[in-house]
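Structure below is data24.cif: mmCIF, C-alpha atoms.
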```
data_upload
#
loop_
_atom_site.label_atom_id
_atom_site.label_comp_id
_atom_site.auth_asym_id
_atom_site.auth_seq_id
_atom_site.Cartn_x
_atom_site.Cartn_y
_atom_site.Cartn_z
CA MET A 1165 0.00 0.00 0.00
CA PHE A 1166 1.14 3.48 -0.82
CA ASN A 1167 0.48 6.72 0.98
CA SER A 1168 -2.29 8.49 -0.95
CA SER A 1169 0.02 11.39 -1.81
CA TYR A 1170 1.96 8.95 -4.03
CA TRP A 1171 -1.06 7.51 -5.87
CA GLY A 1172 -1.25 7.94 -9.63
CA LYS A 1173 2.47 8.51 -10.13
CA GLY A 1174 3.29 5.05 -11.52
CA TYR A 1175 5.22 3.80 -8.48
CA ALA A 1176 3.07 0.69 -7.97
CA THR A 1177 3.37 -0.26 -11.64
CA GLU A 1178 7.13 0.29 -11.58
CA ALA A 1179 7.51 -1.77 -8.42
CA LEU A 1180 5.41 -4.63 -9.80
CA ARG A 1181 7.31 -4.64 -13.10
CA ALA A 1182 10.58 -4.89 -11.16
CA PHE A 1183 9.26 -7.61 -8.85
CA ILE A 1184 7.82 -10.04 -11.40
CA PRO A 1185 11.15 -11.12 -13.00
CA LEU A 1186 12.54 -11.70 -9.49
CA PHE A 1187 9.48 -13.76 -8.63
CA PHE A 1188 9.93 -16.02 -11.66
CA GLU A 1189 13.66 -16.27 -11.04
CA HIS A 1190 12.96 -17.41 -7.48
CA PHE A 1191 10.50 -20.06 -8.74
CA SER A 1192 12.70 -21.24 -11.63
CA GLY A 1193 13.18 -24.85 -10.59
CA LYS A 1194 15.78 -24.52 -7.89
CA GLU A 1195 14.94 -26.85 -5.02
CA GLY A 1196 12.10 -28.28 -7.11
CA GLN A 1197 10.06 -25.09 -7.13
CA TYR A 1198 8.84 -23.98 -10.54
CA LEU A 1199 5.85 -21.85 -11.49
CA ASP A 1200 4.55 -21.35 -15.04
CA TYR A 1201 2.42 -18.36 -14.05
CA THR A 1202 1.47 -16.04 -11.24
CA GLU A 1203 -1.92 -14.72 -10.23
CA ALA A 1204 -3.12 -11.51 -8.66
CA LEU A 1205 -6.54 -11.16 -7.05
CA THR A 1206 -8.44 -7.92 -6.65
CA ASP A 1207 -11.87 -6.61 -5.78
CA PRO A 1208 -13.86 -5.48 -8.86
CA GLU A 1209 -14.20 -1.99 -7.37
CA LEU A 1210 -10.42 -1.47 -7.11
CA VAL A 1211 -10.01 -0.14 -10.63
CA SER A 1212 -6.66 1.52 -9.89
CA SER A 1213 -5.24 -1.84 -8.77
CA GLN A 1214 -6.58 -3.47 -11.93
CA ASN A 1215 -4.93 -0.74 -14.01
CA VAL A 1216 -1.58 -1.43 -12.32
CA LEU A 1217 -1.90 -5.13 -13.09
CA VAL A 1218 -2.76 -4.54 -16.75
CA LYS A 1219 0.07 -2.02 -17.20
CA ALA A 1220 2.47 -4.58 -15.72
CA GLY A 1221 1.31 -7.22 -18.21
CA PHE A 1222 -1.32 -9.21 -16.32
CA LYS A 1223 -4.46 -10.34 -18.13
CA LEU A 1224 -7.92 -10.73 -16.62
CA CYS A 1225 -8.80 -14.42 -16.75
CA GLU A 1226 -11.64 -15.02 -14.30
CA ARG A 1227 -14.32 -13.46 -12.14
CA ARG A 1228 -15.16 -15.45 -9.03
CA GLU A 1229 -18.58 -14.55 -7.73
CA LYS A 1230 -19.16 -14.08 -4.03
CA ASP A 1231 -16.00 -15.96 -3.00
CA PHE A 1232 -14.47 -13.55 -0.51
CA GLU A 1233 -15.82 -12.12 2.72
CA ASN A 1234 -14.57 -8.63 3.49
CA PRO A 1235 -15.07 -7.88 7.21
CA ILE A 1236 -16.48 -4.43 6.37
CA LEU A 1237 -18.09 -4.81 2.93
CA GLY A 1238 -19.40 -8.38 3.28
CA ILE A 1239 -19.38 -11.01 0.54
CA ARG A 1240 -17.48 -9.82 -2.51
CA ASP A 1241 -16.53 -10.99 -5.99
CA THR A 1242 -12.89 -11.42 -6.95
CA LEU A 1243 -11.16 -10.67 -10.24
CA VAL A 1244 -8.29 -13.03 -11.06
CA TYR A 1245 -5.46 -11.67 -13.20
CA LYS A 1246 -2.74 -13.94 -14.54
CA MET A 1247 0.73 -13.53 -16.00
CA GLU A 1248 2.51 -16.39 -17.77
CA ARG A 1249 6.22 -16.92 -17.17
CA SER A 1250 6.80 -16.82 -20.94
CA ALA A 1251 5.42 -13.26 -21.06
CA VAL A 1252 8.30 -12.21 -18.79
CA THR A 1253 11.15 -14.50 -19.75
CA GLY A 1254 10.23 -15.11 -23.38
CA THR A 1255 10.99 -18.80 -22.96
CA PRO A 1256 8.76 -21.80 -22.21
CA ARG A 1257 9.32 -24.14 -19.31
CA PRO A 1258 12.56 -26.13 -19.60
CA MET A 1259 12.18 -29.90 -20.05
#
```

Written form, structure tokens:
Amino acid sequence: MFNSSYWGKGYATEALRAFIPLFFEHFSGKEGQYLDYTEALTDPELVSSQNVLVKAGFKLCERREKDFENPILGIRDTLVYKMERSAVTGTPRPM
């Protein structure tokens, strides 16, 4: 989370773009851990968060209806965004 005085300046997008290659590097098969993709979940009303995900290269792949209970807002839907490893590394999973 960012202090509101820093919203809309691209810092979240920049941070996410820098983090994703590190994430895939960490899960690149060392010690048996390998991930082909990563997911990000957000509330449908958090449009600014969705914009950050899209700018960073995530694609909306699913809407889960009434699958999350927010202690203040009650039962909520969830949007699932996904990014494939190949979108970041440009290479498919090694055999």

Which residue gives the smallest distance to Leu1243 in chain A among A:Thr1206, A:Lys1223, A:Glu1195, A:Gln1214, with all atoms listed in the file counted?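 For Leu1243 in chain A, the nearest of the candidates is A:Thr1206.
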
What is the CA of Tyr1245 in chain A to CA of Cys1225 in chain A distance in Å?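 Computing the Euclidean distance for CA of Tyr1245 in chain A and CA of Cys1225 in chain A yields 5.6 Å.
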
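Among the candidates A:Ala1220, A:Asp1200, A:Pro1208, A:Gly1193, the residue lying nearest to Val1244 in chain A is A:Pro1208 (atoms considered: only C-alpha atoms).
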
Of A:Leu1237, A:Leu1217, A:Val1211, A:Met1165, the one nearest to Ile1184 in chain A when counting all atoms listed in the file is A:Leu1217

Between CA of Pro1185 in chain A and CA of Glu1248 in chain A, what is the distance in Å, rounded to a tenth? 11.2 Å

Name the residues in contact with Gln1197 in chain A at a cut-off of 12 Å, using all atoms listed in the file, excluding same-chain residues fewer than 5 positions from it; report them as a list of chain:residue names.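 Using all atoms listed in the file, the neighbours found are A:Phe1187, A:Phe1188, A:Glu1189, A:His1190, A:Phe1191, A:Ser1192.
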
So how far away is CA of Asp1207 in chain A from CA of Lys1173 in chain A, in Å?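 Between these atoms lies a distance of 21.3 Å.
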
Excluding Gly1172 in chain A and its own-chain neighbours fewer than 4 positions away, which residues fall within 9 Å of it when counting only C-alpha atoms? Please give them as number ranges by chain. A: 1168, 1176, 1212

May I have the residues within 8 Å of Asp1231 in chain A as a PyMOL selection string, using all atoms listed in the file and disregarding those fewer than 3 positions away in the same chain? chain A and resi 1228+1239-1242

Of the listed residues A:Ile1236, A:Tyr1175, A:Arg1181, A:Met1247, that which approaches Ala1204 in chain A most closely, counting all atoms listed in the file: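 Among A:Ile1236, A:Tyr1175, A:Arg1181, A:Met1247, it is A:Met1247 that comes nearest to Ala1204 in chain A.
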
Find, counting only C-alpha atoms, the residue in A:Leu1224, A:Leu1199, A:Leu1205, A:Lys1219 that gets nearest to Ser1250 in chain A. A:Leu1199
